[in-house]
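target_26.cif follows; it contains mmCIF, C-alpha atoms and all ligand atoms.
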data_work
#
loop_
_atom_site.label_atom_id
_atom_site.label_comp_id
_atom_site.auth_asym_id
_atom_site.auth_seq_id
_atom_site.Cartn_x
_atom_site.Cartn_y
_atom_site.Cartn_z
CA MET H 1 -42.24 33.54 -9.16
CA SER H 2 -41.97 30.63 -6.73
CA HIS H 3 -38.33 30.02 -7.64
CA ALA H 4 -37.26 33.67 -7.46
CA ILE H 5 -34.24 34.23 -5.22
CA SER H 6 -34.31 36.77 -2.42
CA ASP H 7 -33.74 40.47 -2.88
CA ASP H 8 -30.57 40.13 -0.78
CA ALA H 9 -29.27 37.46 -3.14
CA LEU H 10 -30.03 39.67 -6.14
CA ASP H 11 -28.00 42.45 -4.49
CA THR H 12 -25.12 40.03 -3.95
CA ILE H 13 -24.87 38.95 -7.55
CA PHE H 14 -25.95 42.15 -9.33
CA ARG H 15 -27.00 45.35 -7.60
CA THR H 16 -24.33 45.83 -4.97
CA ALA H 17 -21.67 43.62 -6.55
CA ARG H 18 -18.85 45.73 -7.93
CA THR H 19 -15.82 45.21 -10.15
CA GLN H 20 -12.80 45.10 -7.85
CA ASN H 21 -9.39 46.73 -8.21
CA LYS H 22 -7.87 46.07 -4.75
CA TRP H 23 -7.81 42.86 -2.75
CA SER H 24 -7.64 41.76 0.85
CA ASP H 25 -4.76 39.45 1.75
CA ALA H 26 -7.14 36.68 2.83
CA PRO H 27 -6.08 33.48 1.05
CA LEU H 28 -8.50 31.63 -1.17
CA SER H 29 -8.87 27.88 -0.68
CA GLU H 30 -8.70 25.48 -3.60
CA ALA H 31 -11.99 24.08 -2.32
CA LEU H 32 -13.68 27.43 -2.92
CA LEU H 33 -12.29 27.68 -6.46
CA MET H 34 -13.59 24.19 -7.11
CA ALA H 35 -16.98 25.16 -5.66
CA VAL H 36 -17.20 28.09 -8.12
CA TYR H 37 -16.54 25.75 -11.04
CA ASP H 38 -18.92 23.15 -9.67
CA LEU H 39 -21.71 25.75 -9.65
CA MET H 40 -21.03 27.62 -12.89
CA ARG H 41 -20.68 24.49 -15.00
CA TRP H 42 -24.48 24.06 -14.93
CA GLY H 43 -25.04 27.22 -16.98
CA PRO H 44 -26.34 26.46 -20.47
CA THR H 45 -24.20 26.33 -23.64
CA SER H 46 -25.17 25.50 -27.20
CA ALA H 47 -25.29 21.73 -27.81
CA ASN H 48 -24.04 21.49 -24.22
CA SER H 49 -20.62 22.19 -25.74
CA CYS H 50 -19.04 23.58 -22.54
CA PRO H 51 -16.02 24.99 -24.45
CA ALA H 52 -14.62 27.10 -21.59
CA ARG H 53 -11.39 25.99 -19.91
CA PHE H 54 -10.01 27.58 -16.75
CA VAL H 55 -6.50 28.04 -15.40
CA PHE H 56 -6.40 29.37 -11.84
CA VAL H 57 -3.23 31.37 -11.37
CA THR H 58 -2.49 31.48 -7.64
CA SER H 59 1.22 30.89 -6.96
CA ASP H 60 3.87 33.60 -7.19
CA ALA H 61 5.61 31.55 -9.88
CA ALA H 62 2.48 31.32 -12.03
CA LYS H 63 1.72 35.04 -11.50
CA ALA H 64 5.24 35.86 -12.71
CA ARG H 65 4.44 33.98 -15.94
CA LEU H 66 1.23 35.99 -16.39
CA ALA H 67 2.56 39.45 -15.48
CA PRO H 68 4.51 40.28 -18.69
CA HIS H 69 1.38 39.75 -20.79
CA LEU H 70 -0.86 42.13 -18.84
CA SER H 71 -1.47 45.70 -19.93
CA GLU H 72 0.41 48.19 -17.77
CA GLY H 73 -2.73 49.46 -16.03
CA ASN H 74 -3.86 45.95 -15.10
CA ARG H 75 -0.55 44.53 -13.86
CA GLU H 76 -0.27 45.68 -10.27
CA LYS H 77 -3.86 44.96 -9.28
CA THR H 78 -3.84 41.57 -10.96
CA MET H 79 -0.67 40.53 -9.15
CA ALA H 80 -2.27 41.54 -5.83
CA ALA H 81 -5.31 39.26 -6.28
CA PRO H 82 -5.24 35.91 -4.48
CA ALA H 83 -6.31 34.13 -7.67
CA VAL H 84 -6.70 35.00 -11.33
CA ALA H 85 -8.75 32.78 -13.60
CA ILE H 86 -7.67 32.62 -17.23
CA ILE H 87 -10.90 31.81 -19.04
CA GLY H 88 -10.17 30.17 -22.35
CA TYR H 89 -12.05 28.28 -25.03
CA ASP H 90 -11.05 24.94 -26.46
CA LEU H 91 -11.34 24.74 -30.24
CA ASP H 92 -11.18 20.98 -29.80
CA PHE H 93 -14.46 21.01 -27.83
CA PRO H 94 -16.20 18.91 -30.53
CA GLU H 95 -14.14 15.96 -29.24
CA THR H 96 -16.12 16.10 -26.00
CA LEU H 97 -19.55 16.13 -27.67
CA PRO H 98 -20.05 12.33 -27.75
CA LYS H 99 -19.91 12.52 -23.96
CA LEU H 100 -21.63 15.87 -23.41
CA PHE H 101 -24.32 15.65 -26.10
CA PRO H 102 -24.97 11.92 -26.62
CA ASN H 103 -28.51 12.59 -27.80
CA ASN H 104 -27.11 13.76 -31.17
CA PRO H 105 -24.05 11.71 -32.19
CA LYS H 106 -23.71 13.65 -35.46
CA MET H 107 -22.96 16.94 -33.69
CA LYS H 108 -19.22 16.31 -33.45
CA ASP H 109 -19.00 16.07 -37.25
CA VAL H 110 -21.17 19.15 -37.77
CA PHE H 111 -18.43 21.16 -36.04
CA GLY H 112 -15.57 19.08 -37.41
CA SER H 113 -16.48 20.08 -40.95
CA ASN H 114 -16.91 23.77 -40.15
CA PRO H 115 -14.00 25.54 -38.40
CA GLN H 116 -15.78 28.93 -38.54
CA LEU H 117 -18.80 27.52 -36.71
CA THR H 118 -16.47 25.87 -34.20
CA GLU H 119 -14.67 29.17 -33.51
CA THR H 120 -17.90 31.19 -33.22
CA THR H 121 -19.48 28.59 -30.94
CA ALA H 122 -16.41 28.32 -28.74
CA PHE H 123 -16.05 32.07 -28.32
CA ARG H 124 -19.75 32.75 -27.75
CA ASN H 125 -20.24 29.98 -25.24
CA SER H 126 -16.98 30.53 -23.36
CA SER H 127 -18.01 34.18 -22.96
CA LEU H 128 -21.32 33.01 -21.52
CA GLN H 129 -19.50 30.60 -19.25
CA GLY H 130 -17.22 33.43 -18.13
CA ALA H 131 -20.33 35.36 -17.12
CA TYR H 132 -21.71 32.33 -15.28
CA PHE H 133 -18.33 32.15 -13.54
CA ILE H 134 -18.62 35.75 -12.28
CA ILE H 135 -22.17 35.20 -11.05
CA ALA H 136 -21.25 31.90 -9.36
CA ALA H 137 -18.24 33.47 -7.64
CA ARG H 138 -20.38 36.33 -6.35
CA ALA H 139 -23.09 33.92 -5.22
CA LEU H 140 -20.47 32.10 -3.14
CA GLY H 141 -19.37 35.31 -1.47
CA LEU H 142 -16.39 36.19 -3.65
CA ASP H 143 -15.59 39.32 -5.64
CA CYS H 144 -14.40 39.55 -9.24
CA GLY H 145 -12.26 41.78 -11.40
CA PRO H 146 -12.73 40.76 -15.05
CA MET H 147 -10.17 42.06 -17.56
CA SER H 148 -9.52 41.86 -21.28
CA GLY H 149 -6.50 44.17 -21.23
CA PHE H 150 -3.77 41.62 -21.88
CA ASN H 151 -1.86 40.07 -24.75
CA ASN H 152 -3.91 37.02 -25.72
CA ALA H 153 -1.21 35.49 -27.91
CA GLY H 154 1.34 35.81 -25.12
CA VAL H 155 -0.97 34.24 -22.54
CA ASP H 156 -1.86 31.44 -24.96
CA ALA H 157 1.81 30.64 -25.60
CA GLU H 158 2.58 30.67 -21.87
CA PHE H 159 -0.41 28.74 -20.52
CA PHE H 160 -1.97 26.84 -23.42
CA ALA H 161 1.05 25.72 -25.48
CA GLY H 162 0.51 22.42 -27.27
CA THR H 163 -3.29 22.72 -27.09
CA ASN H 164 -6.04 24.26 -29.17
CA ILE H 165 -7.15 26.43 -26.23
CA LYS H 166 -7.28 30.23 -26.69
CA SER H 167 -7.69 32.80 -23.95
CA ASN H 168 -10.94 34.80 -23.87
CA PHE H 169 -10.62 37.01 -20.77
CA ILE H 170 -9.11 36.86 -17.32
CA CYS H 171 -10.86 37.39 -13.99
CA ALA H 172 -9.23 38.20 -10.68
CA ILE H 173 -11.09 36.63 -7.76
CA GLY H 174 -10.93 37.02 -4.02
CA HIS H 175 -12.30 39.33 -1.38
CA GLY H 176 -12.21 42.87 -2.68
CA ASP H 177 -11.07 45.92 -0.77
CA PRO H 178 -13.85 48.53 -1.16
CA ALA H 179 -11.19 51.26 -1.19
CA GLY H 180 -10.31 50.21 -4.76
CA VAL H 181 -13.79 50.36 -6.21
CA PHE H 182 -14.41 53.10 -8.78
CA PRO H 183 -17.58 55.25 -8.66
CA ARG H 184 -20.52 53.28 -10.09
CA ASN H 185 -21.25 54.16 -13.69
CA PRO H 186 -24.83 54.22 -14.96
CA ARG H 187 -26.42 51.49 -17.07
CA LEU H 188 -28.78 51.95 -19.99
CA SER H 189 -32.45 52.16 -19.07
CA PHE H 190 -34.93 49.60 -20.34
CA ASP H 191 -36.10 52.04 -23.01
CA GLU H 192 -32.56 52.72 -24.19
CA ALA H 193 -31.56 49.08 -24.50
CA CYS H 194 -34.74 47.10 -25.07
CA LYS H 195 -37.77 46.81 -27.25
CA ILE H 196 -40.81 44.64 -26.77
CA VAL H 197 -42.27 43.87 -30.15
C1 LIG H 201 -14.85 41.29 -20.27
C2 LIG H 201 -14.40 42.45 -19.41
C3 LIG H 201 -13.18 43.03 -19.63
C4 LIG H 201 -12.73 44.07 -18.82
N1 LIG H 201 -11.45 44.55 -18.99
C5 LIG H 201 -10.96 45.40 -18.09
C6 LIG H 201 -9.58 45.77 -18.12
O1 LIG H 201 -8.81 45.31 -18.96
N2 LIG H 201 -9.12 46.62 -17.17
C7 LIG H 201 -9.94 47.14 -16.20
O2 LIG H 201 -9.47 47.90 -15.36
N3 LIG H 201 -11.26 46.82 -16.14
C8 LIG H 201 -11.77 45.95 -17.05
N4 LIG H 201 -13.10 45.56 -16.96
C9 LIG H 201 -13.95 46.13 -15.88
C10 LIG H 201 -15.13 46.98 -16.37
O3 LIG H 201 -14.71 48.25 -16.75
C11 LIG H 201 -16.16 47.02 -15.23
O4 LIG H 201 -16.60 45.71 -14.98
C12 LIG H 201 -17.37 47.90 -15.60
O5 LIG H 201 -17.00 49.23 -15.74
C13 LIG H 201 -18.48 47.78 -14.55
O6 LIG H 201 -18.01 48.13 -13.27
P1 LIG H 201 -18.92 47.82 -11.98
O7 LIG H 201 -19.11 46.33 -11.96
O8 LIG H 201 -18.08 48.27 -10.80
O9 LIG H 201 -20.18 48.55 -12.13
C14 LIG H 201 -13.57 44.57 -17.78
C15 LIG H 201 -14.82 43.97 -17.57
C16 LIG H 201 -15.24 42.92 -18.36
C17 LIG H 201 -16.58 42.28 -18.07
#

Kindly return the structure encoded in the file as structure tokens.
Ligand SMILES: Cc1cc2nc3c(=O)[nH]c(=O)nc-3n(C[C@H](O)[C@H](O)[C@H](O)COP(=O)(O)O)c2cc1C
Amino acid sequence: MSHAISDDALDTIFRTARTQNKWSDAPLSEALLMAVYDLMRWGPTSANSCPARFVFVTSDAAKARLAPHLSEGNREKTMAAPAVAIIGYDLDFPETLPKLFPNNPKMKDVFGSNPQLTETTAFRNSSLQGAYFIIAARALGLDCGPMSGFNNAGVDAEFFAGTNIKSNFICAIGHGDPAGVFPRNPRLSFDEACKIV
């Protein structure tokens, strides 16, 4: 247990952290966005594939490009956030494996010959990286509002044209306004969700 983090820290990243729907006007520095990436990138991925790619939407012009692709219920709150991360996955991630996984030079070809494995690996690991992103942002004192209610094809055409990157989910980030937080819903108990065999 010597490396366990404090109870306060556990509250910050899990127990008292809440999904946000309203945001304070406080601006978010680029340095802080970079610090979130710098922390979350150390989370593990299979074959160290690191398939997630991030677009931070912060300017009014970029938000206007995102807005038409959001579901109606997500639009207003997303536009009010100081930053929105589009978390995507790059189907060309095998190209980076010679650098990221030099201990097995054959790995690039393993994926290259198997598009289904490439897709599954990219989606699974970018989802994990999206979760690392939320935890890292919370650990650095930020709040998050993750959302999947948007038109993926529209976002991909607008932000990832000419690439093999596909959107996974988006995540508003900033300092939340507690007035917008919904009542906390329960979670499954250990017995409902787990088995020790
Ligand atoms: C991947 C993902 C997608 C989500 N999509 C939406 C969404 O489209 N719209 C929305 O209002 N909330 C969305 N949520 C928010 C969840 O409903 C919320 O995180 C969950 O109910 C837990 O809330 P809590 O963190 O306040 O306990 C999403 C959350 C995640 C993790």

Can you pull out every residue within 12 Å of Asp60 of chain H, counting only C-alpha atoms, but drop anything in the same chain fewer than 5 positions away, and send it as a PyMOL selection string? chain H and resi 65-67+78-84

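Atom pair atom CA of Gly130 of chain H / atom CA of Gly154 of chain H: separated by 20.0 Å.
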
To check your reading of the model: which residues sit at most 8 Å from ligand LIG 201 (chain H) when counting all atoms listed in the file? Write the answer as a PyMOL selection string. chain H and resi 17-21+71+73-74+131+145-150+169-170+181-186

Could you write those residues out with C-alpha atoms, as a PDB file, keeping the file's coordinate frame?
ATOM      1  CA  ALA H  17     -21.670  43.620  -6.550  1.00  0.00           C
ATOM      2  CA  ARG H  18     -18.850  45.730  -7.930  1.00  0.00           C
ATOM      3  CA  THR H  19     -15.820  45.210 -10.150  1.00  0.00           C
ATOM      4  CA  GLN H  20     -12.800  45.100  -7.850  1.00  0.00           C
ATOM      5  CA  ASN H  21      -9.390  46.730  -8.210  1.00  0.00           C
ATOM      6  CA  SER H  71      -1.470  45.700 -19.930  1.00  0.00           C
ATOM      7  CA  GLY H  73      -2.730  49.460 -16.030  1.00  0.00           C
ATOM      8  CA  ASN H  74      -3.860  45.950 -15.100  1.00  0.00           C
ATOM      9  CA  ALA H 131     -20.330  35.360 -17.120  1.00  0.00           C
ATOM     10  CA  GLY H 145     -12.260  41.780 -11.400  1.00  0.00           C
ATOM     11  CA  PRO H 146     -12.730  40.760 -15.050  1.00  0.00           C
ATOM     12  CA  MET H 147     -10.170  42.060 -17.560  1.00  0.00           C
ATOM     13  CA  SER H 148      -9.520  41.860 -21.280  1.00  0.00           C
ATOM     14  CA  GLY H 149      -6.500  44.170 -21.230  1.00  0.00           C
ATOM     15  CA  PHE H 150      -3.770  41.620 -21.880  1.00  0.00           C
ATOM     16  CA  PHE H 169     -10.620  37.010 -20.770  1.00  0.00           C
ATOM     17  CA  ILE H 170      -9.110  36.860 -17.320  1.00  0.00           C
ATOM     18  CA  VAL H 181     -13.790  50.360  -6.210  1.00  0.00           C
ATOM     19  CA  PHE H 182     -14.410  53.100  -8.780  1.00  0.00           C
ATOM     20  CA  PRO H 183     -17.580  55.250  -8.660  1.00  0.00           C
ATOM     21  CA  ARG H 184     -20.520  53.280 -10.090  1.00  0.00           C
ATOM     22  CA  ASN H 185     -21.250  54.160 -13.690  1.00  0.00           C
ATOM     23  CA  PRO H 186     -24.830  54.220 -14.960  1.00  0.00           C
TER      24      PRO H 186
END

Show me the residues close to (-19.1, 36.1, -13.3) - anything with an atom within 10 Å, counting only C-alpha atoms - and format the list as a PyMOL selection string. chain H and resi 13-14+36+40+127-139+143-146+171+173

What's the 12 Å shell around Pro102 of chain H, counting only C-alpha atoms, without same-chain residues fewer than 6 positions away, as a count of residues only? 7

Shell of 8 Å around segment 160-168 of chain H, all atoms listed in the file, local chain residues under 5 positions omitted, as a ChimeraX atom specification: /H:53,86-92,123,126-127,148,152,155

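In this comparison, which uses all atoms listed in the file, the residue of H:Ala52, H:Ala62, H:Met34, H:Leu39 approaching Arg124 of chain H most closely is H:Ala52.
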
Students should find that atom CA of Val57 of chain H and atom CA of Gly141 of chain H are spaced 19.3 Å

Between atom CA of Thr12 of chain H and atom CA of Cys194 of chain H - distance in Å to one decimal: 24.3 Å

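Candidate residues H:Leu100, H:Asn125, H:Asp11, H:Leu117 were compared for distance to Gly43 of chain H, and the nearest is H:Asn125, using only C-alpha atoms.
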
Between H:Met107, H:Leu142, H:Val55, H:Leu10, which has the minimum distance to Ser29 of chain H (counting all atoms listed in the file)? H:Leu142
